[in-house]
Amino acid sequence: LEPSPSGRRSEGPPTLQPPRRTVRPSPMGQQVRFTDELRSLAGAKWEAVINHRFTDALAAGTIDRDVLARYLVQDHRFLDSFVVLLSSMVAAAPSLAARIPGCQFLALITGRENTYFERSFAALGVDDAARESAPDTAPTVAFKALMRDAAKATYSEMLAVLVAAEWSYQSWGERVLPAAVQEPFTSREWVDLHSGEYFGSVVEYLRGLLDEAAATMTPAERAAVEVRFLAAVDIELAFFDAAYEDS
């Protein structure tokens with residue numbers, strides 16, 4: 001797949017049709033999705049992720065180059081673990097229809113997004129030696145472990161980690177998009193990769209799969225999903241914070 005001139009992930013495959021949602025009535029008669037319940041459980045930490053100073057500085061184009069470089073080096077470190085997790089979810093999905101959108105998303109992650117990393121490292125002066133010598137931060141170690149472990153767990157637990165990661169990024173991406181500057185590309189394209197119609201359809205696809213799976217979960221399975229989701233949110237927050245630790 002070739003990137004569009006703007007580099008937006010929204011220029012990817014056609015907008016996905018989400019699976020059937022599993023919802024329950026709220027006390028006020030409104031229906032509540034299981035994934036909305038998970039987000040509510042994350043509470044203030046979810047809000048801290050999507051309103052983090054990193055995201056504001058990134059959109060404004062004022063983020064310190066060293067902060068962005070540290071962040072991207074660490075983010076790229078767990079790309080392989082993310083691919084393993086997403087691939088495992090695709091393999092565990094109940095039908096071809098449920099697998100195809102995940103395969104399309106995998107193509108973008110390993111294509112356009114990986115290319116963004118390589119171009120950004122060059123623009124920020126991060127050579128191979130610097131990338132290889134930087135140790136994994138604690139959040140990177142935790143994310144790798146969470147993704148690899150979830151990839152061997154239940155289908156719903158795989159989805160819990162994917163939903164937490166992608167939905168939180170979509171949430172901050174859409175929040176800062178109206179104020180995002182066009183240059184440098186290292187800032188703008190990371191915002192574009194996590195906002196827009198296509199990426200929104202990916203998040204809705206993942207949420208829909210988890211909402212659908214919730215219909216047949218036992219209480220123990222629901223509890224395990226909650227643990228995975230909340231752990232991913234915790235690590236997302238720590239990951240943003242870690243980019244500033246040497247500043």
# chains A, B, ... in the order shown; residues from 1 in each chain; ligands from 1
$ select_by_dssp --residues "range 16-230 of chain A" --states "helix (DSSP H, G or I)" --output "PDB file with C-alpha atoms, in the first residue's frame"
ATOM      1  CA  PHE A  34     -19.010  -3.500  27.378  1.00  0.00           C
ATOM      2  CA  THR A  35     -16.056  -1.546  25.998  1.00  0.00           C
ATOM      3  CA  ASP A  36     -17.548   1.657  27.425  1.00  0.00           C
ATOM      4  CA  GLU A  37     -17.652  -0.051  30.806  1.00  0.00           C
ATOM      5  CA  LEU A  38     -13.962  -0.878  30.460  1.00  0.00           C
ATOM      6  CA  ARG A  39     -13.103   2.723  29.639  1.00  0.00           C
ATOM      7  CA  SER A  40     -15.072   3.896  32.662  1.00  0.00           C
ATOM      8  CA  LEU A  41     -13.116   1.515  34.866  1.00  0.00           C
ATOM      9  CA  ALA A  42      -9.875   3.124  33.680  1.00  0.00           C
ATOM     10  CA  GLY A  43     -11.203   6.473  34.905  1.00  0.00           C
ATOM     11  CA  ALA A  44      -8.649   9.194  35.557  1.00  0.00           C
ATOM     12  CA  LYS A  45      -5.784   7.217  34.031  1.00  0.00           C
ATOM     13  CA  TRP A  46      -7.614   7.056  30.705  1.00  0.00           C
ATOM     14  CA  GLU A  47      -8.087  10.816  30.805  1.00  0.00           C
ATOM     15  CA  ALA A  48      -4.433  11.293  31.703  1.00  0.00           C
ATOM     16  CA  VAL A  49      -3.369   9.297  28.639  1.00  0.00           C
ATOM     17  CA  ILE A  50      -5.535  11.146  26.137  1.00  0.00           C
ATOM     18  CA  ARG A  53       1.383  16.873  27.523  1.00  0.00           C
ATOM     19  CA  PHE A  54       3.241  14.724  24.975  1.00  0.00           C
ATOM     20  CA  THR A  55       0.198  14.703  22.693  1.00  0.00           C
ATOM     21  CA  ASP A  56      -0.300  18.465  22.927  1.00  0.00           C
ATOM     22  CA  ALA A  57       3.355  19.228  22.210  1.00  0.00           C
ATOM     23  CA  LEU A  58       3.366  16.737  19.350  1.00  0.00           C
ATOM     24  CA  ALA A  59       0.354  18.354  17.686  1.00  0.00           C
ATOM     25  CA  ALA A  60       1.794  21.840  18.168  1.00  0.00           C
ATOM     26  CA  ARG A  65      13.415  16.401  19.449  1.00  0.00           C
ATOM     27  CA  ASP A  66      15.126  14.277  22.098  1.00  0.00           C
ATOM     28  CA  VAL A  67      11.794  13.507  23.769  1.00  0.00           C
ATOM     29  CA  LEU A  68      10.257  12.460  20.462  1.00  0.00           C
ATOM     30  CA  ALA A  69      13.311  10.411  19.522  1.00  0.00           C
ATOM     31  CA  ARG A  70      13.262   8.536  22.853  1.00  0.00           C
ATOM     32  CA  TYR A  71       9.559   7.893  22.480  1.00  0.00           C
ATOM     33  CA  LEU A  72       9.817   6.595  18.905  1.00  0.00           C
ATOM     34  CA  VAL A  73      12.790   4.341  19.649  1.00  0.00           C
ATOM     35  CA  GLN A  74      10.857   2.724  22.482  1.00  0.00           C
ATOM     36  CA  ASP A  75       7.582   2.551  20.548  1.00  0.00           C
ATOM     37  CA  HIS A  76       9.287   0.814  17.664  1.00  0.00           C
ATOM     38  CA  ARG A  77      10.804  -1.673  20.131  1.00  0.00           C
ATOM     39  CA  LEU A  79       6.150  -3.182  17.226  1.00  0.00           C
ATOM     40  CA  ASP A  80       7.055  -6.833  16.750  1.00  0.00           C
ATOM     41  CA  SER A  81       5.165  -7.807  19.913  1.00  0.00           C
ATOM     42  CA  PHE A  82       2.159  -5.821  18.698  1.00  0.00           C
ATOM     43  CA  VAL A  83       2.250  -7.644  15.352  1.00  0.00           C
ATOM     44  CA  VAL A  84       2.360 -10.980  17.197  1.00  0.00           C
ATOM     45  CA  LEU A  85      -0.648  -9.959  19.307  1.00  0.00           C
ATOM     46  CA  LEU A  86      -2.690  -8.656  16.379  1.00  0.00           C
ATOM     47  CA  SER A  87      -1.829 -11.704  14.270  1.00  0.00           C
ATOM     48  CA  SER A  88      -2.856 -13.997  17.131  1.00  0.00           C
ATOM     49  CA  MET A  89      -6.185 -12.214  17.440  1.00  0.00           C
ATOM     50  CA  VAL A  90      -6.771 -12.554  13.702  1.00  0.00           C
ATOM     51  CA  ALA A  91      -6.054 -16.283  13.908  1.00  0.00           C
ATOM     52  CA  ALA A  92      -8.431 -16.660  16.867  1.00  0.00           C
ATOM     53  CA  LEU A  96     -13.203 -14.854   7.729  1.00  0.00           C
ATOM     54  CA  ALA A  97     -15.302 -11.694   7.916  1.00  0.00           C
ATOM     55  CA  ALA A  98     -13.881 -11.004  11.369  1.00  0.00           C
ATOM     56  CA  ARG A  99     -10.319 -11.688  10.193  1.00  0.00           C
ATOM     57  CA  ILE A 100     -10.108  -9.602   7.024  1.00  0.00           C
ATOM     58  CA  PRO A 101     -10.175  -6.142   8.682  1.00  0.00           C
ATOM     59  CA  GLY A 102      -7.448  -7.252  11.090  1.00  0.00           C
ATOM     60  CA  CYS A 103      -5.319  -8.407   8.169  1.00  0.00           C
ATOM     61  CA  GLN A 104      -5.788  -5.052   6.460  1.00  0.00           C
ATOM     62  CA  PHE A 105      -4.714  -3.264   9.623  1.00  0.00           C
ATOM     63  CA  LEU A 106      -1.648  -5.496   9.908  1.00  0.00           C
ATOM     64  CA  ALA A 107      -0.631  -4.419   6.412  1.00  0.00           C
ATOM     65  CA  LEU A 108      -0.742  -0.775   7.439  1.00  0.00           C
ATOM     66  CA  ILE A 109       1.171  -1.340  10.669  1.00  0.00           C
ATOM     67  CA  THR A 110       3.960  -3.219   8.923  1.00  0.00           C
ATOM     68  CA  GLY A 111       3.921  -0.928   5.898  1.00  0.00           C
ATOM     69  CA  ARG A 112       3.030   2.730   6.230  1.00  0.00           C
ATOM     70  CA  GLU A 113       3.540   2.984   9.978  1.00  0.00           C
ATOM     71  CA  ASN A 114       6.870   1.179   9.972  1.00  0.00           C
ATOM     72  CA  THR A 115       8.015   3.433   7.124  1.00  0.00           C
ATOM     73  CA  TYR A 116       7.080   6.473   9.238  1.00  0.00           C
ATOM     74  CA  PHE A 117       9.407   5.212  11.961  1.00  0.00           C
ATOM     75  CA  GLU A 118      12.326   4.772   9.580  1.00  0.00           C
ATOM     76  CA  ARG A 119      11.839   8.220   8.014  1.00  0.00           C
ATOM     77  CA  SER A 120      11.490   9.819  11.444  1.00  0.00           C
ATOM     78  CA  PHE A 121      14.657   8.212  12.784  1.00  0.00           C
ATOM     79  CA  ALA A 122      16.541   9.632   9.819  1.00  0.00           C
ATOM     80  CA  ALA A 123      15.023  13.094  10.281  1.00  0.00           C
ATOM     81  CA  ASP A 128      21.093   2.297  14.030  1.00  0.00           C
ATOM     82  CA  ALA A 129      23.768   2.336  16.716  1.00  0.00           C
ATOM     83  CA  ALA A 130      21.769   4.744  18.876  1.00  0.00           C
ATOM     84  CA  ARG A 131      18.601   2.689  18.423  1.00  0.00           C
ATOM     85  CA  GLU A 132      20.325  -0.530  19.358  1.00  0.00           C
ATOM     86  CA  SER A 133      22.255   0.833  22.340  1.00  0.00           C
ATOM     87  CA  ALA A 138      10.352  -0.139  32.168  1.00  0.00           C
ATOM     88  CA  PRO A 139       7.110   0.626  30.268  1.00  0.00           C
ATOM     89  CA  THR A 140       8.564  -0.926  27.102  1.00  0.00           C
ATOM     90  CA  VAL A 141       9.480  -4.086  28.996  1.00  0.00           C
ATOM     91  CA  ALA A 142       5.977  -4.158  30.481  1.00  0.00           C
ATOM     92  CA  PHE A 143       4.280  -3.631  27.116  1.00  0.00           C
ATOM     93  CA  LYS A 144       6.289  -6.370  25.434  1.00  0.00           C
ATOM     94  CA  ALA A 145       5.424  -8.769  28.245  1.00  0.00           C
ATOM     95  CA  LEU A 146       1.734  -7.822  28.239  1.00  0.00           C
ATOM     96  CA  MET A 147       1.374  -8.210  24.475  1.00  0.00           C
ATOM     97  CA  ARG A 148       3.288 -11.488  24.284  1.00  0.00           C
ATOM     98  CA  ASP A 149       1.384 -12.925  27.244  1.00  0.00           C
ATOM     99  CA  ALA A 150      -2.004 -11.784  25.940  1.00  0.00           C
ATOM    100  CA  TYR A 155      -9.368 -14.245  22.308  1.00  0.00           C
ATOM    101  CA  SER A 156     -11.123 -11.719  24.548  1.00  0.00           C
ATOM    102  CA  GLU A 157      -7.938 -10.922  26.454  1.00  0.00           C
ATOM    103  CA  MET A 158      -6.112 -10.318  23.178  1.00  0.00           C
ATOM    104  CA  LEU A 159      -8.848  -7.890  22.193  1.00  0.00           C
ATOM    105  CA  ALA A 160      -8.753  -6.151  25.574  1.00  0.00           C
ATOM    106  CA  VAL A 161      -5.131  -5.109  25.064  1.00  0.00           C
ATOM    107  CA  LEU A 162      -5.681  -4.120  21.430  1.00  0.00           C
ATOM    108  CA  VAL A 163      -8.760  -2.055  22.257  1.00  0.00           C
ATOM    109  CA  ALA A 164      -7.019  -0.238  25.104  1.00  0.00           C
ATOM    110  CA  ALA A 165      -4.009   0.605  22.944  1.00  0.00           C
ATOM    111  CA  GLU A 166      -5.785   1.646  19.765  1.00  0.00           C
ATOM    112  CA  TRP A 167      -8.814   3.340  21.317  1.00  0.00           C
ATOM    113  CA  SER A 168      -6.721   5.452  23.668  1.00  0.00           C
ATOM    114  CA  TYR A 169      -4.539   6.547  20.755  1.00  0.00           C
ATOM    115  CA  GLN A 170      -7.542   7.357  18.612  1.00  0.00           C
ATOM    116  CA  SER A 171      -8.963   9.390  21.499  1.00  0.00           C
ATOM    117  CA  TRP A 172      -5.932  11.616  21.831  1.00  0.00           C
ATOM    118  CA  GLY A 173      -5.403  11.718  18.066  1.00  0.00           C
ATOM    119  CA  GLU A 174      -8.889  13.052  17.422  1.00  0.00           C
ATOM    120  CA  ARG A 175      -8.600  15.490  20.331  1.00  0.00           C
ATOM    121  CA  VAL A 176      -5.439  17.177  19.027  1.00  0.00           C
ATOM    122  CA  LEU A 177      -6.148  16.882  15.296  1.00  0.00           C
ATOM    123  CA  PRO A 178      -7.878  20.277  14.903  1.00  0.00           C
ATOM    124  CA  ALA A 179      -4.799  22.044  16.295  1.00  0.00           C
ATOM    125  CA  PHE A 185       6.121  15.518   9.390  1.00  0.00           C
ATOM    126  CA  THR A 186       7.460  13.684  12.441  1.00  0.00           C
ATOM    127  CA  SER A 187       4.704  15.350  14.444  1.00  0.00           C
ATOM    128  CA  ARG A 188       1.879  15.614  11.944  1.00  0.00           C
ATOM    129  CA  GLU A 189       2.034  12.119  10.524  1.00  0.00           C
ATOM    130  CA  TRP A 190       1.962  10.483  13.965  1.00  0.00           C
ATOM    131  CA  VAL A 191      -1.252  12.398  14.667  1.00  0.00           C
ATOM    132  CA  ASP A 192      -2.637  11.474  11.239  1.00  0.00           C
ATOM    133  CA  GLY A 196      -9.413   9.989  10.733  1.00  0.00           C
ATOM    134  CA  GLU A 197     -12.179   7.835   9.314  1.00  0.00           C
ATOM    135  CA  TYR A 198     -10.172   4.697   8.597  1.00  0.00           C
ATOM    136  CA  PHE A 199      -8.444   4.514  11.965  1.00  0.00           C
ATOM    137  CA  GLY A 200     -11.800   5.203  13.602  1.00  0.00           C
ATOM    138  CA  SER A 201     -13.222   2.214  11.747  1.00  0.00           C
ATOM    139  CA  VAL A 202     -10.345   0.045  13.018  1.00  0.00           C
ATOM    140  CA  VAL A 203     -11.097   1.012  16.594  1.00  0.00           C
ATOM    141  CA  GLU A 204     -14.804   0.384  16.057  1.00  0.00           C
ATOM    142  CA  TYR A 205     -13.988  -3.004  14.528  1.00  0.00           C
ATOM    143  CA  LEU A 206     -11.880  -4.030  17.546  1.00  0.00           C
ATOM    144  CA  ARG A 207     -14.433  -2.689  20.024  1.00  0.00           C
ATOM    145  CA  GLY A 208     -17.214  -4.471  18.169  1.00  0.00           C
ATOM    146  CA  LEU A 209     -15.406  -7.803  18.363  1.00  0.00           C
ATOM    147  CA  LEU A 210     -14.879  -7.410  22.099  1.00  0.00           C
ATOM    148  CA  ASP A 211     -18.457  -6.257  22.685  1.00  0.00           C
ATOM    149  CA  GLU A 212     -19.681  -9.287  20.768  1.00  0.00           C
ATOM    150  CA  ALA A 213     -17.442 -11.660  22.732  1.00  0.00           C
ATOM    151  CA  ALA A 214     -18.733 -10.220  26.008  1.00  0.00           C
ATOM    152  CA  PRO A 219     -17.643 -13.615  35.272  1.00  0.00           C
ATOM    153  CA  ALA A 220     -14.085 -14.938  35.528  1.00  0.00           C
ATOM    154  CA  GLU A 221     -13.444 -14.200  31.868  1.00  0.00           C
ATOM    155  CA  ARG A 222     -14.800 -10.679  32.248  1.00  0.00           C
ATOM    156  CA  ALA A 223     -12.520 -10.130  35.206  1.00  0.00           C
ATOM    157  CA  ALA A 224      -9.508 -11.300  33.186  1.00  0.00           C
ATOM    158  CA  VAL A 225     -10.415  -8.916  30.362  1.00  0.00           C
ATOM    159  CA  GLU A 226     -10.686  -6.026  32.825  1.00  0.00           C
ATOM    160  CA  VAL A 227      -7.221  -6.815  34.195  1.00  0.00           C
ATOM    161  CA  ARG A 228      -5.705  -6.795  30.713  1.00  0.00           C
ATOM    162  CA  PHE A 229      -7.453  -3.573  29.673  1.00  0.00           C
ATOM    163  CA  LEU A 230      -6.477  -1.686  32.820  1.00  0.00           C
TER     164      LEU A 230
END
$ select_by_dssp --residues "range 11-239 of chain A" --states "strand (DSSP E or B)" --output "ChimeraX atom specification"
/A:23-25,31-33
$ atom_distance --atom1 "CA of Asp136 in chain A" --atom2 "CA of Thr62 in chain A"
25.1 Å
$ closest_residue --among "A:Thr218, A:Gln182, A:Thr137, A:Thr154" --to "Tyr244 in chain A" --atoms "only C-alpha atoms"
A:Thr137
$ decode --residues "range 33-176 of chain A" --atoms "C-alpha atoms" --output "PDB file, in the first residue's frame"
ATOM      1  CA  ARG A  33     -21.405  -1.195  25.588  1.00  0.00           C
ATOM      2  CA  PHE A  34     -19.010  -3.500  27.378  1.00  0.00           C
ATOM      3  CA  THR A  35     -16.056  -1.546  25.998  1.00  0.00           C
ATOM      4  CA  ASP A  36     -17.548   1.657  27.425  1.00  0.00           C
ATOM      5  CA  GLU A  37     -17.652  -0.051  30.806  1.00  0.00           C
ATOM      6  CA  LEU A  38     -13.962  -0.878  30.460  1.00  0.00           C
ATOM      7  CA  ARG A  39     -13.103   2.723  29.639  1.00  0.00           C
ATOM      8  CA  SER A  40     -15.072   3.896  32.662  1.00  0.00           C
ATOM      9  CA  LEU A  41     -13.116   1.515  34.866  1.00  0.00           C
ATOM     10  CA  ALA A  42      -9.875   3.124  33.680  1.00  0.00           C
ATOM     11  CA  GLY A  43     -11.203   6.473  34.905  1.00  0.00           C
ATOM     12  CA  ALA A  44      -8.649   9.194  35.557  1.00  0.00           C
ATOM     13  CA  LYS A  45      -5.784   7.217  34.031  1.00  0.00           C
ATOM     14  CA  TRP A  46      -7.614   7.056  30.705  1.00  0.00           C
ATOM     15  CA  GLU A  47      -8.087  10.816  30.805  1.00  0.00           C
ATOM     16  CA  ALA A  48      -4.433  11.293  31.703  1.00  0.00           C
ATOM     17  CA  VAL A  49      -3.369   9.297  28.639  1.00  0.00           C
ATOM     18  CA  ILE A  50      -5.535  11.146  26.137  1.00  0.00           C
ATOM     19  CA  ASN A  51      -4.698  14.567  27.596  1.00  0.00           C
ATOM     20  CA  HIS A  52      -0.982  13.968  28.136  1.00  0.00           C
ATOM     21  CA  ARG A  53       1.383  16.873  27.523  1.00  0.00           C
ATOM     22  CA  PHE A  54       3.241  14.724  24.975  1.00  0.00           C
ATOM     23  CA  THR A  55       0.198  14.703  22.693  1.00  0.00           C
ATOM     24  CA  ASP A  56      -0.300  18.465  22.927  1.00  0.00           C
ATOM     25  CA  ALA A  57       3.355  19.228  22.210  1.00  0.00           C
ATOM     26  CA  LEU A  58       3.366  16.737  19.350  1.00  0.00           C
ATOM     27  CA  ALA A  59       0.354  18.354  17.686  1.00  0.00           C
ATOM     28  CA  ALA A  60       1.794  21.840  18.168  1.00  0.00           C
ATOM     29  CA  GLY A  61       5.089  20.793  16.597  1.00  0.00           C
ATOM     30  CA  THR A  62       6.916  22.045  19.690  1.00  0.00           C
ATOM     31  CA  ILE A  63       7.886  18.706  21.164  1.00  0.00           C
ATOM     32  CA  ASP A  64      11.549  18.426  22.061  1.00  0.00           C
ATOM     33  CA  ARG A  65      13.415  16.401  19.449  1.00  0.00           C
ATOM     34  CA  ASP A  66      15.126  14.277  22.098  1.00  0.00           C
ATOM     35  CA  VAL A  67      11.794  13.507  23.769  1.00  0.00           C
ATOM     36  CA  LEU A  68      10.257  12.460  20.462  1.00  0.00           C
ATOM     37  CA  ALA A  69      13.311  10.411  19.522  1.00  0.00           C
ATOM     38  CA  ARG A  70      13.262   8.536  22.853  1.00  0.00           C
ATOM     39  CA  TYR A  71       9.559   7.893  22.480  1.00  0.00           C
ATOM     40  CA  LEU A  72       9.817   6.595  18.905  1.00  0.00           C
ATOM     41  CA  VAL A  73      12.790   4.341  19.649  1.00  0.00           C
ATOM     42  CA  GLN A  74      10.857   2.724  22.482  1.00  0.00           C
ATOM     43  CA  ASP A  75       7.582   2.551  20.548  1.00  0.00           C
ATOM     44  CA  HIS A  76       9.287   0.814  17.664  1.00  0.00           C
ATOM     45  CA  ARG A  77      10.804  -1.673  20.131  1.00  0.00           C
ATOM     46  CA  PHE A  78       7.467  -3.328  20.795  1.00  0.00           C
ATOM     47  CA  LEU A  79       6.150  -3.182  17.226  1.00  0.00           C
ATOM     48  CA  ASP A  80       7.055  -6.833  16.750  1.00  0.00           C
ATOM     49  CA  SER A  81       5.165  -7.807  19.913  1.00  0.00           C
ATOM     50  CA  PHE A  82       2.159  -5.821  18.698  1.00  0.00           C
ATOM     51  CA  VAL A  83       2.250  -7.644  15.352  1.00  0.00           C
ATOM     52  CA  VAL A  84       2.360 -10.980  17.197  1.00  0.00           C
ATOM     53  CA  LEU A  85      -0.648  -9.959  19.307  1.00  0.00           C
ATOM     54  CA  LEU A  86      -2.690  -8.656  16.379  1.00  0.00           C
ATOM     55  CA  SER A  87      -1.829 -11.704  14.270  1.00  0.00           C
ATOM     56  CA  SER A  88      -2.856 -13.997  17.131  1.00  0.00           C
ATOM     57  CA  MET A  89      -6.185 -12.214  17.440  1.00  0.00           C
ATOM     58  CA  VAL A  90      -6.771 -12.554  13.702  1.00  0.00           C
ATOM     59  CA  ALA A  91      -6.054 -16.283  13.908  1.00  0.00           C
ATOM     60  CA  ALA A  92      -8.431 -16.660  16.867  1.00  0.00           C
ATOM     61  CA  ALA A  93     -11.266 -14.626  15.299  1.00  0.00           C
ATOM     62  CA  PRO A  94     -14.444 -16.629  14.664  1.00  0.00           C
ATOM     63  CA  SER A  95     -14.826 -16.074  10.919  1.00  0.00           C
ATOM     64  CA  LEU A  96     -13.203 -14.854   7.729  1.00  0.00           C
ATOM     65  CA  ALA A  97     -15.302 -11.694   7.916  1.00  0.00           C
ATOM     66  CA  ALA A  98     -13.881 -11.004  11.369  1.00  0.00           C
ATOM     67  CA  ARG A  99     -10.319 -11.688  10.193  1.00  0.00           C
ATOM     68  CA  ILE A 100     -10.108  -9.602   7.024  1.00  0.00           C
ATOM     69  CA  PRO A 101     -10.175  -6.142   8.682  1.00  0.00           C
ATOM     70  CA  GLY A 102      -7.448  -7.252  11.090  1.00  0.00           C
ATOM     71  CA  CYS A 103      -5.319  -8.407   8.169  1.00  0.00           C
ATOM     72  CA  GLN A 104      -5.788  -5.052   6.460  1.00  0.00           C
ATOM     73  CA  PHE A 105      -4.714  -3.264   9.623  1.00  0.00           C
ATOM     74  CA  LEU A 106      -1.648  -5.496   9.908  1.00  0.00           C
ATOM     75  CA  ALA A 107      -0.631  -4.419   6.412  1.00  0.00           C
ATOM     76  CA  LEU A 108      -0.742  -0.775   7.439  1.00  0.00           C
ATOM     77  CA  ILE A 109       1.171  -1.340  10.669  1.00  0.00           C
ATOM     78  CA  THR A 110       3.960  -3.219   8.923  1.00  0.00           C
ATOM     79  CA  GLY A 111       3.921  -0.928   5.898  1.00  0.00           C
ATOM     80  CA  ARG A 112       3.030   2.730   6.230  1.00  0.00           C
ATOM     81  CA  GLU A 113       3.540   2.984   9.978  1.00  0.00           C
ATOM     82  CA  ASN A 114       6.870   1.179   9.972  1.00  0.00           C
ATOM     83  CA  THR A 115       8.015   3.433   7.124  1.00  0.00           C
ATOM     84  CA  TYR A 116       7.080   6.473   9.238  1.00  0.00           C
ATOM     85  CA  PHE A 117       9.407   5.212  11.961  1.00  0.00           C
ATOM     86  CA  GLU A 118      12.326   4.772   9.580  1.00  0.00           C
ATOM     87  CA  ARG A 119      11.839   8.220   8.014  1.00  0.00           C
ATOM     88  CA  SER A 120      11.490   9.819  11.444  1.00  0.00           C
ATOM     89  CA  PHE A 121      14.657   8.212  12.784  1.00  0.00           C
ATOM     90  CA  ALA A 122      16.541   9.632   9.819  1.00  0.00           C
ATOM     91  CA  ALA A 123      15.023  13.094  10.281  1.00  0.00           C
ATOM     92  CA  LEU A 124      15.777  13.114  14.017  1.00  0.00           C
ATOM     93  CA  GLY A 125      19.363  11.915  13.554  1.00  0.00           C
ATOM     94  CA  VAL A 126      18.798   8.581  15.297  1.00  0.00           C
ATOM     95  CA  ASP A 127      21.138   6.070  13.672  1.00  0.00           C
ATOM     96  CA  ASP A 128      21.093   2.297  14.030  1.00  0.00           C
ATOM     97  CA  ALA A 129      23.768   2.336  16.716  1.00  0.00           C
ATOM     98  CA  ALA A 130      21.769   4.744  18.876  1.00  0.00           C
ATOM     99  CA  ARG A 131      18.601   2.689  18.423  1.00  0.00           C
ATOM    100  CA  GLU A 132      20.325  -0.530  19.358  1.00  0.00           C
ATOM    101  CA  SER A 133      22.255   0.833  22.340  1.00  0.00           C
ATOM    102  CA  ALA A 134      19.297   2.456  24.101  1.00  0.00           C
ATOM    103  CA  PRO A 135      17.986   0.080  26.786  1.00  0.00           C
ATOM    104  CA  ASP A 136      14.313  -0.771  27.016  1.00  0.00           C
ATOM    105  CA  THR A 137      12.511   1.461  29.486  1.00  0.00           C
ATOM    106  CA  ALA A 138      10.352  -0.139  32.168  1.00  0.00           C
ATOM    107  CA  PRO A 139       7.110   0.626  30.268  1.00  0.00           C
ATOM    108  CA  THR A 140       8.564  -0.926  27.102  1.00  0.00           C
ATOM    109  CA  VAL A 141       9.480  -4.086  28.996  1.00  0.00           C
ATOM    110  CA  ALA A 142       5.977  -4.158  30.481  1.00  0.00           C
ATOM    111  CA  PHE A 143       4.280  -3.631  27.116  1.00  0.00           C
ATOM    112  CA  LYS A 144       6.289  -6.370  25.434  1.00  0.00           C
ATOM    113  CA  ALA A 145       5.424  -8.769  28.245  1.00  0.00           C
ATOM    114  CA  LEU A 146       1.734  -7.822  28.239  1.00  0.00           C
ATOM    115  CA  MET A 147       1.374  -8.210  24.475  1.00  0.00           C
ATOM    116  CA  ARG A 148       3.288 -11.488  24.284  1.00  0.00           C
ATOM    117  CA  ASP A 149       1.384 -12.925  27.244  1.00  0.00           C
ATOM    118  CA  ALA A 150      -2.004 -11.784  25.940  1.00  0.00           C
ATOM    119  CA  ALA A 151      -1.185 -13.340  22.553  1.00  0.00           C
ATOM    120  CA  LYS A 152      -1.165 -16.730  24.309  1.00  0.00           C
ATOM    121  CA  ALA A 153      -4.309 -16.031  26.363  1.00  0.00           C
ATOM    122  CA  THR A 154      -7.975 -15.990  25.377  1.00  0.00           C
ATOM    123  CA  TYR A 155      -9.368 -14.245  22.308  1.00  0.00           C
ATOM    124  CA  SER A 156     -11.123 -11.719  24.548  1.00  0.00           C
ATOM    125  CA  GLU A 157      -7.938 -10.922  26.454  1.00  0.00           C
ATOM    126  CA  MET A 158      -6.112 -10.318  23.178  1.00  0.00           C
ATOM    127  CA  LEU A 159      -8.848  -7.890  22.193  1.00  0.00           C
ATOM    128  CA  ALA A 160      -8.753  -6.151  25.574  1.00  0.00           C
ATOM    129  CA  VAL A 161      -5.131  -5.109  25.064  1.00  0.00           C
ATOM    130  CA  LEU A 162      -5.681  -4.120  21.430  1.00  0.00           C
ATOM    131  CA  VAL A 163      -8.760  -2.055  22.257  1.00  0.00           C
ATOM    132  CA  ALA A 164      -7.019  -0.238  25.104  1.00  0.00           C
ATOM    133  CA  ALA A 165      -4.009   0.605  22.944  1.00  0.00           C
ATOM    134  CA  GLU A 166      -5.785   1.646  19.765  1.00  0.00           C
ATOM    135  CA  TRP A 167      -8.814   3.340  21.317  1.00  0.00           C
ATOM    136  CA  SER A 168      -6.721   5.452  23.668  1.00  0.00           C
ATOM    137  CA  TYR A 169      -4.539   6.547  20.755  1.00  0.00           C
ATOM    138  CA  GLN A 170      -7.542   7.357  18.612  1.00  0.00           C
ATOM    139  CA  SER A 171      -8.963   9.390  21.499  1.00  0.00           C
ATOM    140  CA  TRP A 172      -5.932  11.616  21.831  1.00  0.00           C
ATOM    141  CA  GLY A 173      -5.403  11.718  18.066  1.00  0.00           C
ATOM    142  CA  GLU A 174      -8.889  13.052  17.422  1.00  0.00           C
ATOM    143  CA  ARG A 175      -8.600  15.490  20.331  1.00  0.00           C
ATOM    144  CA  VAL A 176      -5.439  17.177  19.027  1.00  0.00           C
TER     145      VAL A 176
END
